[in-house]
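Student: See model.txt below, with compact mmCIF, C-alpha atoms.
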# COMPACT_ATOMS: atom_id res chain seq x y z
CA MET U 1300 61.85 47.66 6.93
CA TYR U 1301 58.48 47.95 8.65
CA ILE U 1302 58.25 50.48 11.48
CA ILE U 1303 55.70 50.92 14.25
CA MET U 1304 56.15 54.22 16.08
CA VAL U 1305 54.46 54.95 19.40
CA TYR U 1306 54.97 58.32 21.02
CA ASP U 1307 54.36 59.56 24.52
CA VAL U 1308 55.23 63.24 24.61
CA GLY U 1309 54.24 66.36 26.52
CA GLU U 1310 50.95 67.88 25.40
CA LYS U 1311 52.63 70.85 23.72
CA ARG U 1312 54.64 68.56 21.47
CA VAL U 1313 51.92 66.10 20.45
CA GLY U 1314 50.95 67.95 17.27
CA ARG U 1315 54.55 68.50 16.25
CA ILE U 1316 55.57 64.86 16.69
CA LEU U 1317 52.44 63.57 14.95
CA LYS U 1318 53.21 65.89 12.02
CA VAL U 1319 56.76 64.57 11.75
CA GLY U 1320 55.55 60.98 12.01
CA ARG U 1321 52.98 61.48 9.27
CA GLN U 1322 55.64 62.67 6.88
CA TYR U 1323 56.98 59.12 6.93
CA LEU U 1324 54.27 56.79 8.26
CA ASN U 1325 50.52 56.18 8.34
CA TRP U 1326 48.61 57.19 11.43
CA VAL U 1327 46.94 54.13 12.99
CA GLN U 1328 45.63 55.26 16.34
CA ASN U 1329 46.17 58.01 18.88
CA SER U 1330 49.99 58.04 19.28
CA VAL U 1331 50.65 55.13 16.89
CA LEU U 1332 51.92 55.26 13.32
CA GLU U 1333 53.32 52.59 11.09
CA GLY U 1334 54.68 51.98 7.65
CA GLU U 1335 57.37 50.70 5.37
CA LEU U 1336 60.58 52.75 5.34
CA THR U 1337 64.05 52.42 3.94
CA ASP U 1338 66.99 52.55 6.35
CA ALA U 1339 67.71 56.10 5.22
CA GLN U 1340 64.12 57.23 5.76
CA PHE U 1341 64.12 55.70 9.24
CA GLU U 1342 67.32 57.54 10.12
CA ARG U 1343 65.80 60.80 8.88
CA LEU U 1344 62.62 60.20 10.87
CA LYS U 1345 64.62 59.67 14.05
CA SER U 1346 66.72 62.73 13.35
CA ASP U 1347 63.59 64.85 12.76
CA VAL U 1348 62.03 63.53 15.98
CA ARG U 1349 65.20 64.30 17.96
CA LYS U 1350 65.06 67.93 16.85
CA ARG U 1351 61.47 68.31 18.01
CA PHE U 1352 61.07 66.34 21.21
CA ASN U 1353 62.22 66.81 24.78
CA LYS U 1354 64.58 63.96 25.54
CA ASP U 1355 64.20 64.41 29.29
CA GLU U 1356 60.43 64.13 29.29
CA ASP U 1357 59.27 62.38 26.15
CA CYS U 1358 59.52 58.83 24.94
CA ILE U 1359 59.35 57.62 21.37
CA LEU U 1360 59.29 53.91 20.85
CA PHE U 1361 60.01 52.27 17.51
CA TYR U 1362 59.42 48.61 16.73
CA VAL U 1363 61.58 47.71 13.79
CA MET U 1364 60.85 44.64 11.69
CA ARG U 1365 62.68 43.53 8.63
CA THR U 1366 59.30 42.65 7.13
CA ASP U 1367 55.67 42.81 8.18
CA ARG U 1368 55.20 39.21 7.08
CA TYR U 1369 55.36 37.82 10.62
CA THR U 1370 53.11 40.38 12.24
CA GLN U 1371 49.34 40.58 12.34
CA ARG U 1372 47.22 43.37 13.66
CA GLU U 1373 44.02 42.84 15.66
CA ILE U 1374 41.78 45.70 16.66
CA LEU U 1375 39.08 45.79 19.32
CA GLY U 1376 36.70 48.73 19.19
CA GLN U 1377 37.00 51.71 16.93
CA GLN U 1378 39.67 51.96 14.27
CA LYS U 1379 40.58 55.62 14.25
CA GLY U 1380 43.50 56.02 11.89
CA ASP U 1381 44.12 56.03 8.19
CA PRO U 1382 42.61 53.20 6.21
CA LEU U 1383 45.19 50.47 6.33
CA SER U 1384 47.58 49.05 4.96
CA THR U 1385 49.87 46.18 4.62
CA ILE U 1386 49.67 44.21 7.86
CA LEU U 1387 46.30 42.50 8.36
CA MET W 175 53.30 34.35 20.54
CA TYR W 176 54.64 37.83 21.24
CA ILE W 177 52.03 40.55 21.75
CA ILE W 178 52.29 44.33 21.68
CA MET W 179 49.14 46.00 23.02
CA VAL W 180 48.44 49.70 22.52
CA TYR W 181 45.30 51.20 24.00
CA ASP W 182 43.50 54.43 23.35
CA VAL W 183 40.54 54.60 25.72
CA GLY W 184 38.44 57.22 27.48
CA GLU W 185 40.07 58.74 30.55
CA LYS W 186 37.77 56.92 32.96
CA ARG W 187 38.82 53.55 31.60
CA VAL W 188 42.60 54.07 31.38
CA GLY W 189 43.35 52.62 34.82
CA ARG W 190 41.04 49.68 34.30
CA ILE W 191 42.51 48.72 30.93
CA LEU W 192 46.09 49.17 32.14
CA LYS W 193 45.31 46.90 35.09
CA VAL W 194 43.92 44.20 32.79
CA GLY W 195 46.90 44.52 30.46
CA ARG W 196 49.39 44.19 33.30
CA GLN W 197 47.85 40.92 34.36
CA TYR W 198 49.19 39.49 31.12
CA LEU W 199 51.91 41.79 29.78
CA ASN W 200 54.74 44.12 30.80
CA TRP W 201 54.10 47.83 30.72
CA VAL W 202 56.51 49.53 28.29
CA GLN W 203 55.29 53.08 27.93
CA ASN W 204 52.15 55.11 28.44
CA SER W 205 49.46 53.00 26.71
CA VAL W 206 51.85 50.28 25.51
CA LEU W 207 52.38 46.81 26.94
CA GLU W 208 54.08 43.77 25.53
CA GLY W 209 54.97 40.22 26.33
CA GLU W 210 54.94 36.56 25.45
CA LEU W 211 51.53 34.86 25.71
CA THR W 212 50.04 31.54 24.79
CA ASP W 213 47.05 31.49 22.43
CA ALA W 214 44.77 30.81 25.41
CA GLN W 215 46.18 33.71 27.42
CA PHE W 216 45.76 36.06 24.46
CA GLU W 217 42.12 35.01 24.09
CA ARG W 218 41.55 35.62 27.81
CA LEU W 219 43.22 39.03 27.61
CA LYS W 220 40.93 40.05 24.73
CA SER W 221 37.90 38.73 26.56
CA ASP W 222 38.85 40.67 29.72
CA VAL W 223 39.40 43.83 27.67
CA ARG W 224 36.04 43.44 25.94
CA LYS W 225 34.27 43.34 29.30
CA ARG W 226 35.92 46.56 30.45
CA PHE W 227 36.12 48.87 27.47
CA ASN W 228 33.62 50.91 25.48
CA LYS W 229 33.58 49.46 21.99
CA ASP W 230 32.01 52.61 20.52
CA GLU W 231 34.67 54.96 21.84
CA ASP W 232 37.81 53.03 22.64
CA CYS W 233 40.40 51.33 20.49
CA ILE W 234 42.75 48.54 21.52
CA LEU W 235 45.35 47.53 19.02
CA PHE W 236 47.27 44.27 19.24
CA TYR W 237 50.31 43.42 17.15
CA VAL W 238 50.66 39.68 17.14
CA MET W 239 53.95 38.02 16.22
CA ARG W 240 54.70 34.37 16.23
CA THR W 241 58.07 35.21 17.73
CA ASP W 242 59.94 38.34 18.78
CA ARG W 243 62.98 37.20 16.84
CA TYR W 244 62.33 39.50 13.89
CA THR W 245 61.50 42.61 15.87
CA GLN W 246 63.80 45.12 17.50
CA ARG W 247 62.89 47.95 19.77
CA GLU W 248 64.50 51.38 19.62
CA ILE W 249 63.74 54.07 22.16
CA LEU W 250 64.39 57.80 21.94
CA GLY W 251 64.13 59.76 25.18
CA GLN W 252 62.95 58.37 28.46
CA GLN W 253 62.11 54.74 28.93
CA LYS W 254 59.21 54.78 31.34
CA GLY W 255 58.01 51.24 31.67
CA ASP W 256 59.10 48.08 33.37
CA PRO W 257 62.70 47.03 32.88
CA LEU W 258 62.70 45.00 29.71
CA SER W 259 62.66 42.20 28.35
CA THR W 260 63.12 39.97 25.45
CA ILE W 261 63.16 42.19 22.36
CA LEU W 262 66.24 44.40 22.18
Could you write out this structure as structure tokens?
Tutor:
Amino acid sequence: MYIIMVYDVGEKRVGRILKVGRQYLNWVQNSVLEGELTDAQFERLKSDVRKRFNKDEDCILFYVMRTDRYTQREILGQQKGDPLSTIL
Amino acid sequence: MYIIMVYDVGEKRVGRILKVGRQYLNWVQNSVLEGELTDAQFERLKSDVRKRFNKDEDCILFYVMRTDRYTQREILGQQKGDPLSTIL
């Protein structure tokens, strides 16, 4: 499955959540990562995030697609993340 | 088409870009909006963004899907945005 992860977390936890995300996904932009994962990897990612975030203050949003075939990415301005990737 | 918009812009321009985005899309989370647009509306949104952002410093990312049928949203923690919506 193809996952887009967007996080909005307290300043203290930004580095920690980005680090977890990068273990599974490619960094695309400030607070956005994406990549292809198996079901098991996605479950592990969510479990790792749950251990490290504050559920009362933070929000982690995942868009889950069976395939990236129906999604295109358009960027205005500066691309900041890792060189990409499968969707284009 | 279904659009997810994620912006990463200088602090001075955050309010301005959010305001433009909300004219077309629903706010989902800090820096994330989404919604159904026609081709013409999407072109107008991009044109409005281009007038208001700094192309050398800011980044606006759009994920463009023909339909939201193949995408699911999962949220960990606090949902902050508008009550949603079509993907679930």
Student: Would you list the contacts of U:Lys1354 as a list in words, taking every protein, DNA or RNA residue within 12 Å and counting only C-alpha atoms, but skipping same-chain residues closer than 2 positions in sequence?
Tutor: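 My list of contacting residues is Asp1307, Val1308, Gly1309, Arg1312, Val1348, Arg1349, Lys1350, Arg1351, Phe1352, Glu1356, Asp1357, Cys1358 and Ile1359 of chain U; Ile249, Leu250, Gly251, Gln252 and Gln253 of chain W.
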Student: Might you pull out every residue within 6 Å of stretch 195-206 of chain W, with only C-alpha atoms counted and same-chain residues fewer than 5 positions away left off, and present them as a ChimeraX atom specification?
Tutor: /W:179-181,254-256
Student: What is the distance, in Å and to one decimal place, between atom CA of W:Ile191 and atom CA of W:Met175?
Tutor: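 We find that atom CA of W:Ile191 and atom CA of W:Met175 lie 20.8 Å from each other.
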Student: To one decimal in Å, tell me the separation between atom CA of W:Ile178 and atom CA of U:Leu1360.
Tutor: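 Atom-to-atom, atom CA of W:Ile178 and atom CA of U:Leu1360 are spaced 11.9 Å apart.
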Student: Of the residues U:Glu1333, U:Lys1318, U:Gln1340, U:Lys1311, which is the one nearest to chain W, using all atoms listed in the file?
Tutor: U:Glu1333
Student: Give me the residues near U:Arg1365 as a list of chain:residue names, where near means some atom within 9 Å (using only C-alpha atoms) and where sequence neighbours in that chain fewer than 2 positions away do not count.
Tutor: U:Met1300, U:Tyr1301, U:Ile1302, U:Val1363, U:Asp1367, U:Arg1368, W:Tyr244, W:Thr245
Student: What separation in Å, quoted to one decimal, exists between atom CA of W:Glu248 and atom CA of U:Lys1345?
Tutor: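 A separation of 10.0 Å between them.
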Student: With 8 Å on each side, where is the centre of the axis-aligned box around all listed atoms of stretch 1348-1355 of chain U, and how long are its edges in Å to one decimal, as AutoDock Vina command-line options?
Tutor:
--center_x 63.1 --center_y 65.9 --center_z 22.6 --size_x 20.1 --size_y 20.8 --size_z 29.3
Student: Export N, CA and C atoms of stretch 1308-1352 of chain U from the structure just given, as a compact mmCIF listing (two decimals), in the first residue's frame?
Tutor:
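That gives us part05.txt:
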# COMPACT_ATOMS: atom_id res chain seq x y z
N VAL U 1308 2.67 17.87 15.49
CA VAL U 1308 2.97 17.49 16.88
C VAL U 1308 3.67 18.63 17.60
N GLY U 1309 3.63 18.57 18.91
CA GLY U 1309 4.31 19.59 19.72
C GLY U 1309 5.79 19.66 19.35
N GLU U 1310 6.33 20.85 19.49
CA GLU U 1310 7.71 21.13 19.05
C GLU U 1310 8.73 20.13 19.59
N LYS U 1311 8.54 19.74 20.85
CA LYS U 1311 9.49 18.80 21.47
C LYS U 1311 9.50 17.44 20.79
N ARG U 1312 8.38 17.10 20.16
CA ARG U 1312 8.27 15.75 19.58
C ARG U 1312 8.51 15.70 18.07
N VAL U 1313 8.75 16.86 17.47
CA VAL U 1313 8.91 16.89 16.01
C VAL U 1313 10.05 15.99 15.54
N GLY U 1314 11.21 16.12 16.18
CA GLY U 1314 12.38 15.34 15.77
C GLY U 1314 12.16 13.85 15.93
N ARG U 1315 11.52 13.51 17.03
CA ARG U 1315 11.26 12.10 17.35
C ARG U 1315 10.31 11.47 16.33
N ILE U 1316 9.25 12.19 15.98
CA ILE U 1316 8.26 11.64 15.06
C ILE U 1316 8.83 11.59 13.64
N LEU U 1317 9.59 12.60 13.27
CA LEU U 1317 10.24 12.58 11.95
C LEU U 1317 11.18 11.37 11.86
N LYS U 1318 11.92 11.12 12.93
CA LYS U 1318 12.87 9.99 12.94
C LYS U 1318 12.12 8.66 12.76
N VAL U 1319 11.04 8.50 13.48
CA VAL U 1319 10.23 7.28 13.31
C VAL U 1319 9.72 7.18 11.87
N GLY U 1320 9.17 8.27 11.37
CA GLY U 1320 8.62 8.26 10.02
C GLY U 1320 9.67 7.86 8.99
N ARG U 1321 10.87 8.41 9.15
CA ARG U 1321 11.93 8.13 8.18
C ARG U 1321 12.43 6.70 8.22
N GLN U 1322 12.13 6.00 9.29
CA GLN U 1322 12.51 4.57 9.30
C GLN U 1322 11.66 3.77 8.31
N TYR U 1323 10.52 4.35 7.93
CA TYR U 1323 9.60 3.61 7.06
C TYR U 1323 9.35 4.30 5.72
N LEU U 1324 9.45 5.64 5.71
CA LEU U 1324 8.97 6.43 4.56
C LEU U 1324 10.03 7.44 4.12
N ASN U 1325 9.80 8.04 2.96
CA ASN U 1325 10.67 9.11 2.48
C ASN U 1325 10.12 10.46 2.91
N TRP U 1326 11.00 11.32 3.33
CA TRP U 1326 10.59 12.66 3.72
C TRP U 1326 10.33 13.48 2.47
N VAL U 1327 9.18 14.14 2.39
CA VAL U 1327 8.81 14.89 1.19
C VAL U 1327 8.87 16.39 1.43
N GLN U 1328 8.43 16.79 2.59
CA GLN U 1328 8.31 18.22 2.90
C GLN U 1328 8.22 18.30 4.41
N ASN U 1329 8.47 19.45 4.97
CA ASN U 1329 8.21 19.69 6.38
C ASN U 1329 6.91 18.96 6.80
N SER U 1330 7.01 18.01 7.68
CA SER U 1330 5.85 17.29 8.24
C SER U 1330 5.17 16.30 7.31
N VAL U 1331 5.73 16.02 6.15
CA VAL U 1331 5.10 15.08 5.20
C VAL U 1331 6.10 14.01 4.79
N LEU U 1332 5.68 12.76 4.90
CA LEU U 1332 6.49 11.65 4.40
C LEU U 1332 5.59 10.75 3.58
N GLU U 1333 6.20 9.97 2.70
CA GLU U 1333 5.38 9.04 1.95
C GLU U 1333 6.19 7.84 1.48
N GLY U 1334 5.52 6.79 1.16
CA GLY U 1334 6.21 5.63 0.64
C GLY U 1334 5.34 4.39 0.60
N GLU U 1335 5.91 3.37 0.00
CA GLU U 1335 5.23 2.09 -0.16
C GLU U 1335 5.53 1.22 1.08
N LEU U 1336 4.50 0.71 1.70
CA LEU U 1336 4.67 -0.15 2.87
C LEU U 1336 3.80 -1.39 2.73
N THR U 1337 4.22 -2.44 3.38
CA THR U 1337 3.32 -3.60 3.54
C THR U 1337 2.34 -3.30 4.69
N ASP U 1338 1.29 -4.10 4.78
CA ASP U 1338 0.36 -3.95 5.91
C ASP U 1338 1.10 -4.03 7.24
N ALA U 1339 2.01 -4.98 7.34
CA ALA U 1339 2.72 -5.19 8.60
C ALA U 1339 3.61 -4.00 8.94
N GLN U 1340 4.27 -3.45 7.93
CA GLN U 1340 5.11 -2.27 8.17
C GLN U 1340 4.25 -1.08 8.62
N PHE U 1341 3.09 -0.94 8.01
CA PHE U 1341 2.21 0.18 8.37
C PHE U 1341 1.74 0.04 9.82
N GLU U 1342 1.42 -1.19 10.21
CA GLU U 1342 1.02 -1.41 11.60
C GLU U 1342 2.16 -1.09 12.56
N ARG U 1343 3.37 -1.48 12.18
CA ARG U 1343 4.52 -1.18 13.04
C ARG U 1343 4.77 0.33 13.13
N LEU U 1344 4.66 1.01 11.99
CA LEU U 1344 4.83 2.47 11.99
C LEU U 1344 3.83 3.12 12.96
N LYS U 1345 2.57 2.71 12.87
CA LYS U 1345 1.56 3.31 13.75
C LYS U 1345 1.85 3.00 15.21
N SER U 1346 2.29 1.77 15.46
CA SER U 1346 2.61 1.39 16.83
C SER U 1346 3.81 2.21 17.35
N ASP U 1347 4.82 2.40 16.51
CA ASP U 1347 5.98 3.21 16.92
C ASP U 1347 5.58 4.66 17.17
N VAL U 1348 4.70 5.19 16.32
CA VAL U 1348 4.23 6.57 16.51
C VAL U 1348 3.48 6.67 17.84
N ARG U 1349 2.59 5.70 18.09
CA ARG U 1349 1.78 5.77 19.32
C ARG U 1349 2.64 5.82 20.57
N LYS U 1350 3.78 5.13 20.52
CA LYS U 1350 4.67 5.13 21.70
C LYS U 1350 5.35 6.48 21.91
N ARG U 1351 5.42 7.29 20.86
CA ARG U 1351 6.25 8.48 20.93
C ARG U 1351 5.50 9.80 20.83
N PHE U 1352 4.20 9.75 20.63
CA PHE U 1352 3.47 11.01 20.50
C PHE U 1352 2.55 11.23 21.68
